[in-house]
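Chemist: Here it is, the structure in full.
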Amino acid sequence: MIDWVRPGSGRAHYERIADSLLRADVVFTYVTKDLKLVPPRVLPPHAFVVALTPLLDRRFTQAAVDLVGRGFDVLVLVVSPVALMRATVGASAFDQLACRLWTLERRARLDEMRRHGLSVIEWDPGEPLEAAIAGLDRRRHRAIVAR
């Protein structure tokens, strides 16, 4: 499900974003929502979209690519469960192999998103978010600001 937080700044806006993230949950549904139906007043042309995802739903990639195709600048912030997974996986060779394969699959999905023109940041929640954002390609975002 998509939860929208209108643009803003300051402490009150920070609290709105935090409240929205606290309400985030995994919801099973047979309904497929198409982002082409997003009204222009919600996402005006050339809007900068920050998409936060654990990368669990394969439809996410197509939705993000669709937004880029419609002229939106999209930054995908992928909350990485890799460190947590490695810490909880058993020590057997089979478990370690399964973890490595899963990690490679995630890496391939991240590379696929980058090939489609998405800016992707993988963030380990055990690290400060500022450190992950510092690695962002500054040239791309200078071009966004220059528009």
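To be explicit about the labels: the chains of the structure tokens are called A, B, and onward in the order shown, and within each one the residues are counted from 1, while ligands get numbers from 1 in the order they are shown.
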Can you pull out every residue from stretch 68-105 of chain A that DSSP, working from the backbone, puts in strand (DSSP E or B), and format the result as a PyMOL selection string?
Modeler: chain A and resi 73-79
Chemist: For atom CA of A:Asp73 and atom CA of A:Pro128, determine how far apart the two atoms are, in Å to one decimal place.
Modeler: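 Going from atom CA of A:Asp73 over to atom CA of A:Pro128 covers 23.8 Å.
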Chemist: Taking into account only C-alpha atoms, which residue in the set A:Leu104, A:Ala18, A:Val78, A:Ala134 is nearest to A:Asp57?
Modeler: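 For A:Asp57, the nearest of the given residues is A:Val78.
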Chemist: Just give me the gap between atom CA of A:Asp19 and atom CA of A:Arg109 in Å, one decimal is fine.
Modeler: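 According to the coordinates, atom CA of A:Asp19 and atom CA of A:Arg109 are separated by 28.7 Å.
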Chemist: From the options A:Asp95, A:Gly90, A:Val76, A:Ala108, which residue's atoms come nearest to A:Ile133, counting only C-alpha atoms?
Modeler: A:Val76
Chemist: How many Å separate atom CA of A:Ala51 from atom CA of A:Leu22?
Modeler: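 So the two atoms, atom CA of A:Ala51 and atom CA of A:Leu22, lie 15.5 Å apart.
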Chemist: What are the nearest atom pairs, with distances in Å to one decimal, for all residues of stretch 39-134 of chain A that come at most 12 Å from stretch 2-13 of chain A, using only C-alpha atoms, set out by chain and rising residue number as a tab-separated table?
Modeler:
```
residue	atom	partner	partner_atom	distance
A:Arg41	CA	A:Arg6	CA	10.4
A:Val42	CA	A:Arg6	CA	7.9
A:Leu43	CA	A:Arg6	CA	9.3
A:Pro44	CA	A:Pro7	CA	11.3
A:Ala47	CA	A:Pro7	CA	10.1
A:Phe48	CA	A:Pro7	CA	9.8
A:Val49	CA	A:Pro7	CA	9.9
A:Val50	CA	A:Val5	CA	10.4
A:Ala51	CA	A:Ile2	CA	9.7
A:Leu52	CA	A:Ile2	CA	10.2
A:Thr53	CA	A:Ile2	CA	10.6
A:Phe60	CA	A:Ile2	CA	10.3
A:Ala63	CA	A:Ile2	CA	10.9
```
Chemist: Once DSSP has gone over the backbone, tell me which residues of stretch 11-143 of chain A are in helix (DSSP H, G or I), as a VMD selection string.
Modeler: chain A and resid 11 to 22 35 to 37 59 to 69 82 to 88 93 to 115 129 to 134 138 to 143
Chemist: Of the candidates A:Thr61, A:Ser20, A:Thr103, A:Gln96, which one gets nearest to A:Leu75 if we count only C-alpha atoms?
Modeler: A:Thr61
